[in-house]
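Asks: My structure is below; once you've seen it, I'll send some questions.
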Amino acid sequence: MVVNVGNTGNAGRAAGNAWGVAERYREFSWWEARGRSDAHEELSARISQDPEFCDLLSGSLPAGNKRQPDLLLAAVRYLDGPHAEMGPRGAAAYGRWREWTIRHWDEVRAVIMQRATHTGEPAHCATLLPLLARLPQPLALLEAGASAGLGLHPDRYRYRYEADGGDRAGGVLRAELGAPESPLVLTCRTGGAADELPERLPQIVWRAGIDLDPLDPVDERDDLRWLQALVWPGDGERAARLSAAVDAVRPAPRPRMVRGDLIDELPALAAEAPPEATLVIFHSAVLPSLPPARREEFVRLVRSLLDGRPGGGHWISHEHHSVLPWITDSAPHAPRPDDARHLTLALDGRPVALTGPHGQGLHSLSGARNSLRR
């Protein structure tokens, strides 16, 4: 396909839209990719300085989530575009990437329109496990924004909790538990009291999830390929973790997965949880996809469902502090994290820890243990 990247509609409006796309890629390069992926940092920065290519994006893709930089970059990787493994580095490599993407734009756009970015990170289980293990057993897990459902199997993985050693490569082992035969071993650096770490795996009798685009990487090769494309170039550790997680859950029964809106589908799905189990509604790095008013509606719904359930239940949120700011604003023991990428782990609306964005760290907040409701 030949695309005229210089003629995408009304000149004034197109120029404004293209500027907005360029700014989005510039911010992605600086705030998200910098320090995490040299390849994505450079590629998104070059796109932000390419007015004609930004014009193509603004004229071909609807405003909103379909213009997410990581969605475009993953789509090109999914289709085996040039430099798919390590990303284009240098002006000449970017030129080849750009030419290929424009030439295959119909295919790239089709993937973007069909797929979505997914935040399902199995390593989040290492930060959720201490809470799950302390709640009244057995548990019924319901994940909002479940992606591929890998977070619904915390009992299929093995865990190593190490004392945070600062910049050192490894810390002192504080706790180790989990399935001894699991192909996935999750290492998490911890701060806080040792007795806050789990001693046993939770007993899970029911698992379910909701997602706009639920994936099955065990039985659907294309779903696994898409998840692999979303792993940023050069992040071999995360790619290996994804493969190991898929292998770990392969023998397990599939959780109940519902396609649809988090708010619309939540009441009916929560009602399916067995009454003898403690219902735990949880989510990790999901709510940024909702506008602020919908986030508040979601929180009200979760609380209403749990309050109305015989025996109650628990809500675990694992989000950036800016997404549910009232959680940290109202808690003097929950300061803003120094690292802007840290997530706030909260139980029933009360912050208990700061965590690494990919489950690599868990730092308990003072008074967190007292926030657990028995």
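Residue numbering restarts at 1 for every chain of the structure tokens, chains are lettered A, B, ... in their displayed order, and ligands are numbered from 1 as they appear.
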Excluding Asp348 in chain A and its own-chain neighbours fewer than 3 positions away, which residues fall within 8 Å of it when counting only C-alpha atoms? Please give them as a PyMOL selection string.
Replies: chain A and resi 314-317
Asks: Would you write out those residues with C-alpha atoms, as an mmCIF file, in the first residue's frame?
Replies:
```
data_model
loop_
_atom_site.group_PDB
_atom_site.id
_atom_site.type_symbol
_atom_site.label_atom_id
_atom_site.label_comp_id
_atom_site.auth_asym_id
_atom_site.auth_seq_id
_atom_site.Cartn_x
_atom_site.Cartn_y
_atom_site.Cartn_z
ATOM 1 C CA HIS A 314 -11.935 -7.619 50.223
ATOM 2 C CA TRP A 315 -10.735 -5.173 47.580
ATOM 3 C CA ILE A 316 -7.052 -5.054 46.609
ATOM 4 C CA SER A 317 -5.994 -2.149 44.401
#
```
Asks: Could you name the residues that touch range 148-162 of chain A at 7 Å or less, counting only C-alpha atoms, but leaving out those on the same chain fewer than 2 positions away, as a PyMOL selection string?
Replies: chain A and resi 120-122+125-126+141+146+164+171-180+182+184-190+201-202+207+209+214-217+245+248-249
Asks: Give me, as JSON, numbers by chain, all polymer residues having an atom no more than 6 Å from His363 in chain A, counting only C-alpha atoms and skipping those fewer than 3 positions away in the same chain.
Replies: {"A": [190, 191, 353, 354]}
Asks: Considering only alpha helix (DSSP H) as DSSP defines it on the backbone, what residues of range 167-339 of chain A qualify? List them as a PyMOL selection string.
Replies: chain A and resi 221-230+236-249+262-270+292-307+325-329
Asks: Taking only C-alpha atoms into account, which of A:Leu56, A:Ala92, A:Ala39, A:Leu139 comes nearest Ala22 in chain A?
Replies: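 Checking each of A:Leu56, A:Ala92, A:Ala39, A:Leu139 against Ala22 in chain A, counting only C-alpha atoms, the winner is A:Leu56.
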Asks: Going by DSSP on the backbone, which residues of range 115-287 of chain A come out as strand (DSSP E or B)? List them as a ChimeraX atom specification.
Replies: /A:139-144,158-163,173-178,185-191,204-211,256-259,278-284
Asks: I want to know what sits within 9 Å of Ala133 in chain A, based on only C-alpha atoms, with residues of the same chain fewer than 5 positions away left out; could you give that as a list in words?
Replies: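 Once the adjacent positions are removed, what remains is Leu128, Leu197, Pro198, Glu199, Arg200, Leu201, Pro202 and Gln203 of chain A.
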Asks: Pick from A:Ala244, A:Ala270, A:Arg109, A:Gly87: nearest to Val258 in chain A, with only C-alpha atoms counted?
Replies: A:Ala270
Asks: So how far away is CA of Ile112 in chain A from CA of Tyr78 in chain A, in Å?
Replies: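 Interatomic distance here is 10.4 Å.
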Asks: Could you work out how far CA of Arg256 in chain A lies from CA of His318 in chain A, giving the answer in Å with one decimal?
Replies: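 Between CA of His318 in chain A and CA of Arg256 in chain A the gap works out to 21.5 Å.
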Asks: Could you tell me which of A:Asp70, A:Asp211, A:Asp223, A:Asp247 comes closest to Leu142 in chain A if we count only C-alpha atoms?
Replies: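 Distance minimum relative to Leu142 in chain A lands on A:Asp211.
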Asks: My list of candidates is A:Glu99, A:Gln360, A:Val352, A:His342. Which is closest to Pro130 in chain A when distances are computed with only C-alpha atoms?
Replies: A:Val352
Asks: Record the distance separating CA of Gly20 in chain A and CA of Asn65 in chain A, expressed in Å with one decimal.
Replies: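 It comes out at 13.3 Å.
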Asks: Select, from A:Gly145, A:Pro136, A:Pro351, A:Gly64, the residue with the minimum atom-to-atom distance to Met113 in chain A, counting only C-alpha atoms.
Replies: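 Ranking A:Gly145, A:Pro136, A:Pro351, A:Gly64 by distance to Met113 in chain A, first place goes to A:Gly64.
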Asks: Report the closest atom pair, with its distance in Å rounded to one decimal, for each residue of range 74-132 of chain A that has an atom no farther than 9 Å from range 230-237 of chain A; count only C-alpha atoms, sort by chain and then rising residue number, and write it as a tab-separated table.
Replies:
```
residue	atom	partner	partner_atom	distance
A:Ala74	CA	A:Leu230	CA	5.1
A:Ala75	CA	A:Leu230	CA	8.3
A:Arg77	CA	A:Leu230	CA	8.2
A:Tyr78	CA	A:Leu230	CA	8.3
A:Ala84	CA	A:Pro233	CA	7.7
A:Glu85	CA	A:Pro233	CA	5.7
A:Met86	CA	A:Pro233	CA	4.8
A:Gly87	CA	A:Pro233	CA	6.2
A:Thr117	CA	A:Leu230	CA	7.2
A:His118	CA	A:Leu230	CA	7.7
```
